[in-house]
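The next block is start17.cif, given as mmCIF, C-alpha atoms.
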data_my_file
loop_
_atom_site.label_atom_id
_atom_site.label_comp_id
_atom_site.auth_asym_id
_atom_site.auth_seq_id
_atom_site.Cartn_x
_atom_site.Cartn_y
_atom_site.Cartn_z
CA MET A 1 101.72 167.28 166.33
CA LYS A 2 100.39 170.10 168.44
CA LYS A 3 98.72 171.62 165.41
CA GLN A 4 97.00 168.31 164.59
CA MET A 5 95.65 168.02 168.13
CA GLU A 6 94.25 171.54 167.96
CA GLU A 7 92.52 170.71 164.68
CA GLN A 8 90.90 167.63 166.29
CA VAL A 9 89.31 169.75 169.02
CA GLU A 10 85.96 170.82 167.63
CA GLU A 11 84.30 174.05 168.60
CA PRO A 12 80.87 173.57 170.24
CA THR A 13 77.97 174.28 167.90
CA GLU A 14 75.44 177.03 168.60
CA GLN A 15 72.86 174.37 169.42
CA GLN A 16 75.15 172.77 172.02
CA VAL A 17 75.85 176.16 173.60
CA GLU A 18 72.12 176.92 173.72
CA GLU A 19 71.35 173.54 175.30
CA LEU A 20 74.02 174.13 177.95
CA ARG A 21 72.60 177.55 178.77
CA GLU A 22 69.09 176.10 179.00
CA GLN A 23 70.28 173.39 181.39
CA GLN A 24 72.05 175.95 183.59
CA THR A 25 68.92 178.14 183.60
CA LYS A 26 66.73 175.21 184.68
CA GLN A 27 69.10 174.39 187.51
CA GLN A 28 69.07 178.03 188.65
CA ILE A 29 65.28 178.13 188.55
CA LYS A 30 65.03 175.02 190.71
CA LEU A 31 67.58 176.42 193.12
CA GLN A 32 65.46 179.55 193.53
CA MET A 33 62.21 177.65 194.03
CA SER A 34 63.72 175.49 196.77
CA GLU A 35 64.83 178.66 198.61
CA SER A 36 61.53 180.54 198.26
CA LEU A 37 59.74 182.11 201.20
CA SER A 38 56.69 179.87 200.70
CA MET A 39 58.90 176.78 201.01
CA GLY A 40 60.50 178.20 204.14
CA ILE A 41 57.10 178.79 205.74
CA LEU A 42 55.84 175.26 205.00
CA LEU A 43 59.06 173.57 206.15
CA ALA A 44 59.32 175.62 209.36
CA ILE A 45 55.75 174.70 210.34
CA THR A 46 56.57 171.05 209.63
CA GLY A 47 59.72 171.26 211.77
CA GLY A 48 57.86 172.61 214.80
CA PHE A 49 55.05 170.09 214.35
CA LEU A 50 57.44 167.11 214.31
CA ASP A 51 59.21 168.12 217.53
CA ALA A 52 55.88 168.49 219.34
CA TYR A 53 54.64 165.19 217.91
CA THR A 54 57.59 163.04 219.01
CA PHE A 55 57.78 164.67 222.45
CA ILE A 56 54.07 164.26 223.22
CA CYS A 57 53.24 160.82 221.83
CA ARG A 58 56.54 159.11 221.05
CA GLY A 59 58.28 158.97 224.42
CA GLU A 60 59.43 162.59 224.99
CA VAL A 61 62.19 162.44 222.37
CA PHE A 62 63.18 165.45 220.27
CA ALA A 63 63.11 164.80 216.53
CA ASN A 64 64.86 167.85 215.09
CA ALA A 65 67.77 169.43 216.95
CA GLN A 66 69.76 166.61 218.50
CA THR A 67 71.25 168.74 221.30
CA GLY A 68 68.43 167.79 223.67
CA ASN A 69 68.82 164.10 222.89
CA ILE A 70 72.60 164.26 223.37
CA VAL A 71 72.19 165.99 226.75
CA LEU A 72 69.63 163.41 227.88
CA PHE A 73 71.91 160.65 226.59
CA GLY A 74 74.76 161.96 228.76
CA LEU A 75 72.46 162.50 231.73
CA ASN A 76 71.25 158.88 231.62
CA LEU A 77 74.80 157.59 231.18
CA ALA A 78 75.76 159.44 234.34
CA LYS A 79 72.85 157.77 236.13
CA LYS A 80 73.81 154.38 234.65
CA ASN A 81 70.37 154.16 233.12
CA TRP A 82 71.57 152.29 230.05
CA GLU A 83 68.18 151.60 228.50
CA MET A 84 67.14 155.26 228.57
CA ALA A 85 70.57 156.35 227.34
CA PHE A 86 70.22 154.03 224.36
CA ARG A 87 66.73 155.38 223.61
CA TYR A 88 68.09 158.91 223.31
CA PHE A 89 71.22 157.91 221.38
CA ILE A 90 69.45 156.04 218.57
CA PRO A 91 67.75 159.19 217.12
CA VAL A 92 71.18 160.86 216.99
CA LEU A 93 72.53 158.00 214.88
CA ALA A 94 69.43 158.21 212.65
CA PHE A 95 70.07 161.92 212.16
CA ILE A 96 73.68 161.26 211.13
CA PHE A 97 72.54 158.61 208.66
CA GLY A 98 69.93 161.01 207.25
CA VAL A 99 72.60 163.60 206.45
CA PHE A 100 74.62 160.97 204.58
CA VAL A 101 71.58 159.87 202.56
CA ALA A 102 70.71 163.47 201.66
CA GLU A 103 74.24 164.03 200.35
CA ILE A 104 74.13 160.78 198.36
CA ILE A 105 70.86 161.83 196.70
CA LYS A 106 72.32 165.25 195.96
CA PHE A 107 75.44 163.67 194.43
CA TYR A 108 73.51 161.43 192.03
CA PHE A 109 70.63 163.76 191.11
CA LYS A 110 72.16 167.25 191.32
CA ASN A 111 72.34 167.66 187.54
CA ASN A 112 68.99 166.01 186.80
CA ILE A 113 66.81 168.50 184.89
CA THR A 114 63.63 166.41 185.06
CA ILE A 115 63.23 166.59 188.83
CA HIS A 116 65.26 168.44 191.42
CA TRP A 117 67.01 166.33 194.03
CA ARG A 118 65.24 168.30 196.76
CA GLN A 119 61.89 167.22 195.35
CA ILE A 120 63.06 163.63 195.79
CA ILE A 121 63.82 164.48 199.43
CA ILE A 122 60.29 165.83 199.92
CA VAL A 123 58.77 162.64 198.48
CA MET A 124 60.90 160.52 200.82
CA GLU A 125 59.77 162.61 203.80
CA ILE A 126 56.10 162.17 202.88
CA ILE A 127 56.39 158.39 202.49
CA LEU A 128 58.32 157.87 205.73
CA LEU A 129 56.05 160.09 207.84
CA PHE A 130 53.01 158.31 206.40
CA ILE A 131 54.47 155.03 207.65
CA VAL A 132 55.14 156.53 211.10
CA ALA A 133 51.45 157.44 211.44
CA PHE A 134 50.58 153.73 211.57
CA LEU A 135 53.29 152.58 213.98
CA PRO A 136 51.84 151.61 217.39
CA GLN A 137 53.18 152.84 220.73
CA GLN A 138 55.16 149.63 221.11
CA MET A 139 57.24 150.79 218.14
CA ASN A 140 58.05 154.29 219.40
CA MET A 141 61.78 153.77 218.98
CA LEU A 142 61.33 152.98 215.28
CA ALA A 143 59.01 155.99 214.94
CA ASN A 144 61.60 158.29 216.53
CA ILE A 145 64.39 156.88 214.38
CA THR A 146 62.31 157.51 211.26
CA VAL A 147 61.31 161.05 212.23
CA SER A 148 64.89 161.97 213.15
CA PHE A 149 66.01 160.59 209.80
CA VAL A 150 63.39 162.73 208.03
CA CYS A 151 64.46 165.83 209.95
CA ALA A 152 68.07 165.21 208.95
CA LEU A 153 67.03 165.02 205.29
CA GLN A 154 65.24 168.36 205.61
CA THR A 155 68.00 170.04 207.60
CA GLU A 156 70.68 169.04 205.11
CA SER A 157 68.66 169.73 201.96
CA PHE A 158 66.95 173.04 202.71
CA ARG A 159 69.56 175.39 204.13
CA LYS A 160 68.55 178.73 202.67
CA ILE A 161 65.53 181.00 202.39
CA LYS A 162 65.72 183.83 199.85
CA GLY A 163 69.47 183.36 199.65
CA ASN A 164 70.05 183.52 203.42
CA VAL A 165 71.35 180.55 205.39
CA CYS A 166 68.44 179.43 207.54
CA ALA A 167 67.24 176.33 209.42
CA THR A 168 63.65 175.11 209.29
CA THR A 169 64.04 172.33 211.87
CA MET A 170 65.65 174.25 214.74
CA CYS A 171 65.66 177.79 216.14
CA THR A 172 68.99 178.57 217.83
CA GLY A 173 70.97 179.58 214.74
CA ASN A 174 68.08 181.65 213.38
CA LEU A 175 67.67 183.40 216.72
CA ARG A 176 71.36 184.28 216.83
CA THR A 177 71.39 185.61 213.25
CA ALA A 178 68.19 187.58 213.78
CA THR A 179 69.50 189.28 216.91
CA GLU A 180 72.92 189.96 215.37
CA SER A 181 71.27 191.55 212.32
CA LEU A 182 69.02 193.62 214.57
CA PHE A 183 72.04 194.95 216.44
CA LEU A 184 73.87 195.76 213.18
CA TYR A 185 70.75 197.58 211.95
CA TRP A 186 70.71 199.66 215.15
CA LYS A 187 74.42 200.37 214.65
CA THR A 188 74.43 201.15 210.90
CA GLY A 189 70.83 202.03 210.04
CA ASP A 190 70.91 199.61 207.12
CA LYS A 191 67.25 198.73 206.41
CA ASN A 192 68.25 195.51 204.67
CA LEU A 193 69.63 194.27 208.00
CA LYS A 194 66.33 195.13 209.68
CA LYS A 195 64.45 193.17 207.03
CA LYS A 196 66.83 190.24 207.39
CA SER A 197 66.38 190.24 211.16
CA LEU A 198 62.59 190.21 210.88
CA TRP A 199 62.68 187.30 208.39
CA TYR A 200 64.71 185.19 210.80
CA TYR A 201 62.45 186.02 213.74
CA ALA A 202 59.44 185.19 211.54
CA ILE A 203 60.81 181.74 210.70
CA ASP A 204 61.26 180.97 214.40
CA LEU A 205 57.71 182.17 215.09
CA LEU A 206 56.45 179.85 212.36
CA PHE A 207 58.34 177.03 214.05
CA VAL A 208 56.51 177.90 217.29
CA PHE A 209 53.22 177.97 215.39
CA GLY A 210 54.02 174.51 214.02
CA ALA A 211 54.70 173.28 217.56
CA ILE A 212 51.37 174.70 218.79
CA PHE A 213 49.54 173.24 215.80
CA GLY A 214 51.27 169.90 216.34
CA THR A 215 50.47 169.86 220.06
CA LEU A 216 46.76 170.50 219.56
CA LEU A 217 46.41 167.93 216.79
CA THR A 218 48.52 165.29 218.53
CA TYR A 219 46.30 165.39 221.63
CA VAL A 220 43.29 164.79 219.38
CA PHE A 221 44.60 162.35 216.77
CA PHE A 222 47.66 161.01 218.60
CA GLU A 223 49.86 158.86 216.29
CA LYS A 224 47.81 159.70 213.19
CA SER A 225 48.31 163.46 213.66
CA ILE A 226 51.59 163.25 211.74
CA LEU A 227 49.52 162.79 208.58
CA PHE A 228 48.94 166.54 208.70
CA CYS A 229 52.69 166.93 208.17
CA CYS A 230 52.38 164.75 205.09
CA SER A 231 49.71 167.13 203.80
CA ILE A 232 51.94 170.16 204.38
CA LEU A 233 54.84 168.49 202.58
CA CYS A 234 52.56 167.57 199.67
CA VAL A 235 51.76 171.28 199.34
CA ALA A 236 55.50 172.04 199.46
CA PHE A 237 56.12 169.52 196.67
CA ILE A 238 53.39 171.11 194.53
CA VAL A 239 54.74 174.61 195.26
CA MET A 240 58.13 173.64 193.88
CA PHE A 241 56.55 172.52 190.58
CA VAL A 242 54.26 175.57 190.32
CA GLN A 243 57.10 178.00 190.94
CA ASN A 244 59.22 176.15 188.41
CA ASN A 245 56.50 176.51 185.75
CA ASN A 246 55.96 180.17 186.58
CA GLU A 247 59.67 180.88 186.19
CA LYS A 248 59.64 179.19 182.77
CA ILE A 249 56.65 181.28 181.63
CA ASN A 250 58.31 184.48 182.79
#

Structure encoded using structure tokens:
Amino acid sequence: MKKQMEEQVEEPTEQQVEELREQQTKQQIKLQMSESLSMGILLAITGGFLDAYTFICRGEVFANAQTGNIVLFGLNLAKKNWEMAFRYFIPVLAFIFGVFVAEIIKFYFKNNITIHWRQIIIVMEIILLFIVAFLPQQMNMLANITVSFVCALQTESFRKIKGNVCATTMCTGNLRTATESLFLYWKTGDKNLKKKSLWYYAIDLLFVFGAIFGTLLTYVFFEKSILFCCSILCVAFIVMFVQNNNEKIN
């Protein structure tokens, strides 16, 4: 019986093995392109821009890191200012929902070789931010919910730059890692640690640049200024395809 079962198990053909290797290679290529330095630069600028945008023209709410919103939520609860507390709590819920959606998309499209699931995330971000640009001031809560949702998608989907864990929508973790690496470089003399430290500091500086860029444009174009973020994300989407093609050629 055992012998019969073994005979029924067919060895994979050379063509099947080759197809499997090709699929694994494509997935690796797309993983590398989503973690490239150029992607990190574009996403960090977008992250800083969005925080400046929502704070200046959408009711002084933070879109990215939810720590500020949670603190303000607690502060207003203590003051029994229920309406303000609710305004700061809603973006937190939107952020949580965004993380769930990102994981769902990853689950269903992770093995898709036609388009990477992170490219789907980028398209969703572009569409949603485009809609936000045309929401009036009376709909600031909806705008903040949408932007927080977008930031959650980005935070959950793009976690690494050049193989290093890194955030493009907040600075605290990057700042800690950069300073820790700098100390370890001073202690050991390892130049790789110095390089790593400088990369993390650079990402935070790009976030600051995005905030400055966002501030200047928001004061000029107000709600419509977020369309510049759509442009940056369109470039990011194109970069992922270009890098993918270059990897295939090489």

Nearest candidate to Gly98 in chain A (options A:Val150, A:Ala202, A:Leu43, A:Ala211; using all atoms listed in the file): A:Val150

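Distances from A:Leu153, A:Leu129, A:Ala78, A:Leu37 to Leu227 in chain A were compared using all atoms listed in the file, and the smallest one belongs to A:Leu129.
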
Selection result of the PyMOL selection byres ((chain A and resi 225) around 10) on this file, as a PyMOL selection string: chain A and resi 49-50+53+57+133+214-224+226-230

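For the residues A:Met84, A:Leu128, A:Ile70, A:Met240, ranking by smallest atom-to-atom distance to Leu42 in chain A using all atoms listed in the file places A:Met240 first.
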
Point-to-point distance in Å for CA of Ile122 in chain A and CA of Phe109 in chain A: 13.7 Å

Residues near Phe62 in chain A, cut-off 12 Å, all atoms listed in the file, skip fewer than 5 positions along chain, as a PyMOL selection string: chain A and resi 47-57+67-73+87-92+95+141+143-145+147-149+151+169-170+211

Output for the residues just chosen: C-alpha atoms as a PDB file, in the frame of the given file:
ATOM      1  CA  GLY A  47      59.720 171.260 211.770  1.00  0.00           C
ATOM      2  CA  GLY A  48      57.860 172.610 214.800  1.00  0.00           C
ATOM      3  CA  PHE A  49      55.050 170.090 214.350  1.00  0.00           C
ATOM      4  CA  LEU A  50      57.440 167.110 214.310  1.00  0.00           C
ATOM      5  CA  ASP A  51      59.210 168.120 217.530  1.00  0.00           C
ATOM      6  CA  ALA A  52      55.880 168.490 219.340  1.00  0.00           C
ATOM      7  CA  TYR A  53      54.640 165.190 217.910  1.00  0.00           C
ATOM      8  CA  THR A  54      57.590 163.040 219.010  1.00  0.00           C
ATOM      9  CA  PHE A  55      57.780 164.670 222.450  1.00  0.00           C
ATOM     10  CA  ILE A  56      54.070 164.260 223.220  1.00  0.00           C
ATOM     11  CA  CYS A  57      53.240 160.820 221.830  1.00  0.00           C
ATOM     12  CA  THR A  67      71.250 168.740 221.300  1.00  0.00           C
ATOM     13  CA  GLY A  68      68.430 167.790 223.670  1.00  0.00           C
ATOM     14  CA  ASN A  69      68.820 164.100 222.890  1.00  0.00           C
ATOM     15  CA  ILE A  70      72.600 164.260 223.370  1.00  0.00           C
ATOM     16  CA  VAL A  71      72.190 165.990 226.750  1.00  0.00           C
ATOM     17  CA  LEU A  72      69.630 163.410 227.880  1.00  0.00           C
ATOM     18  CA  PHE A  73      71.910 160.650 226.590  1.00  0.00           C
ATOM     19  CA  ARG A  87      66.730 155.380 223.610  1.00  0.00           C
ATOM     20  CA  TYR A  88      68.090 158.910 223.310  1.00  0.00           C
ATOM     21  CA  PHE A  89      71.220 157.910 221.380  1.00  0.00           C
ATOM     22  CA  ILE A  90      69.450 156.040 218.570  1.00  0.00           C
ATOM     23  CA  PRO A  91      67.750 159.190 217.120  1.00  0.00           C
ATOM     24  CA  VAL A  92      71.180 160.860 216.990  1.00  0.00           C
ATOM     25  CA  PHE A  95      70.070 161.920 212.160  1.00  0.00           C
ATOM     26  CA  MET A 141      61.780 153.770 218.980  1.00  0.00           C
ATOM     27  CA  ALA A 143      59.010 155.990 214.940  1.00  0.00           C
ATOM     28  CA  ASN A 144      61.600 158.290 216.530  1.00  0.00           C
ATOM     29  CA  ILE A 145      64.390 156.880 214.380  1.00  0.00           C
ATOM     30  CA  VAL A 147      61.310 161.050 212.230  1.00  0.00           C
ATOM     31  CA  SER A 148      64.890 161.970 213.150  1.00  0.00           C
ATOM     32  CA  PHE A 149      66.010 160.590 209.800  1.00  0.00           C
ATOM     33  CA  CYS A 151      64.460 165.830 209.950  1.00  0.00           C
ATOM     34  CA  THR A 169      64.040 172.330 211.870  1.00  0.00           C
ATOM     35  CA  MET A 170      65.650 174.250 214.740  1.00  0.00           C
ATOM     36  CA  ALA A 211      54.700 173.280 217.560  1.00  0.00           C
TER      37      ALA A 211
END

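Proximity to Val99 in chain A was assessed for A:Ala152, A:Ile113, A:Leu206, A:Cys171 counting all atoms listed in the file; the smallest distance is recorded for A:Ala152.
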
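The two atoms in question, CA of Ala178 in chain A and CA of Val239 in chain A, are spaced 26.3 Å apart.
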
Length of the CA of Met39 in chain A to CA of Phe158 in chain A vector [Å]: 9.0 Å

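Shortest separation to Glu35 in chain A among A:Gly74, A:Gly163, A:Gly59, A:Pro136 occurs at residue A:Gly163, atoms counted being all atoms listed in the file.
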
Report, as lines of an AutoDock Vina configuration file, the axis-aligned box around all atoms of range 112-125 of chain A present in the file, extended by 8 Å on each side; give centre and edge lengths in Å to one decimal place.
center_x = 63.9
center_y = 164.5
center_z = 194.3
size_x = 26.2
size_y = 24.0
size_z = 34.9

Which residue of A:Asp190, A:Glu125, A:Glu60, A:Glu156 approaches Phe97 in chain A most closely, using all atoms listed in the file: A:Glu156
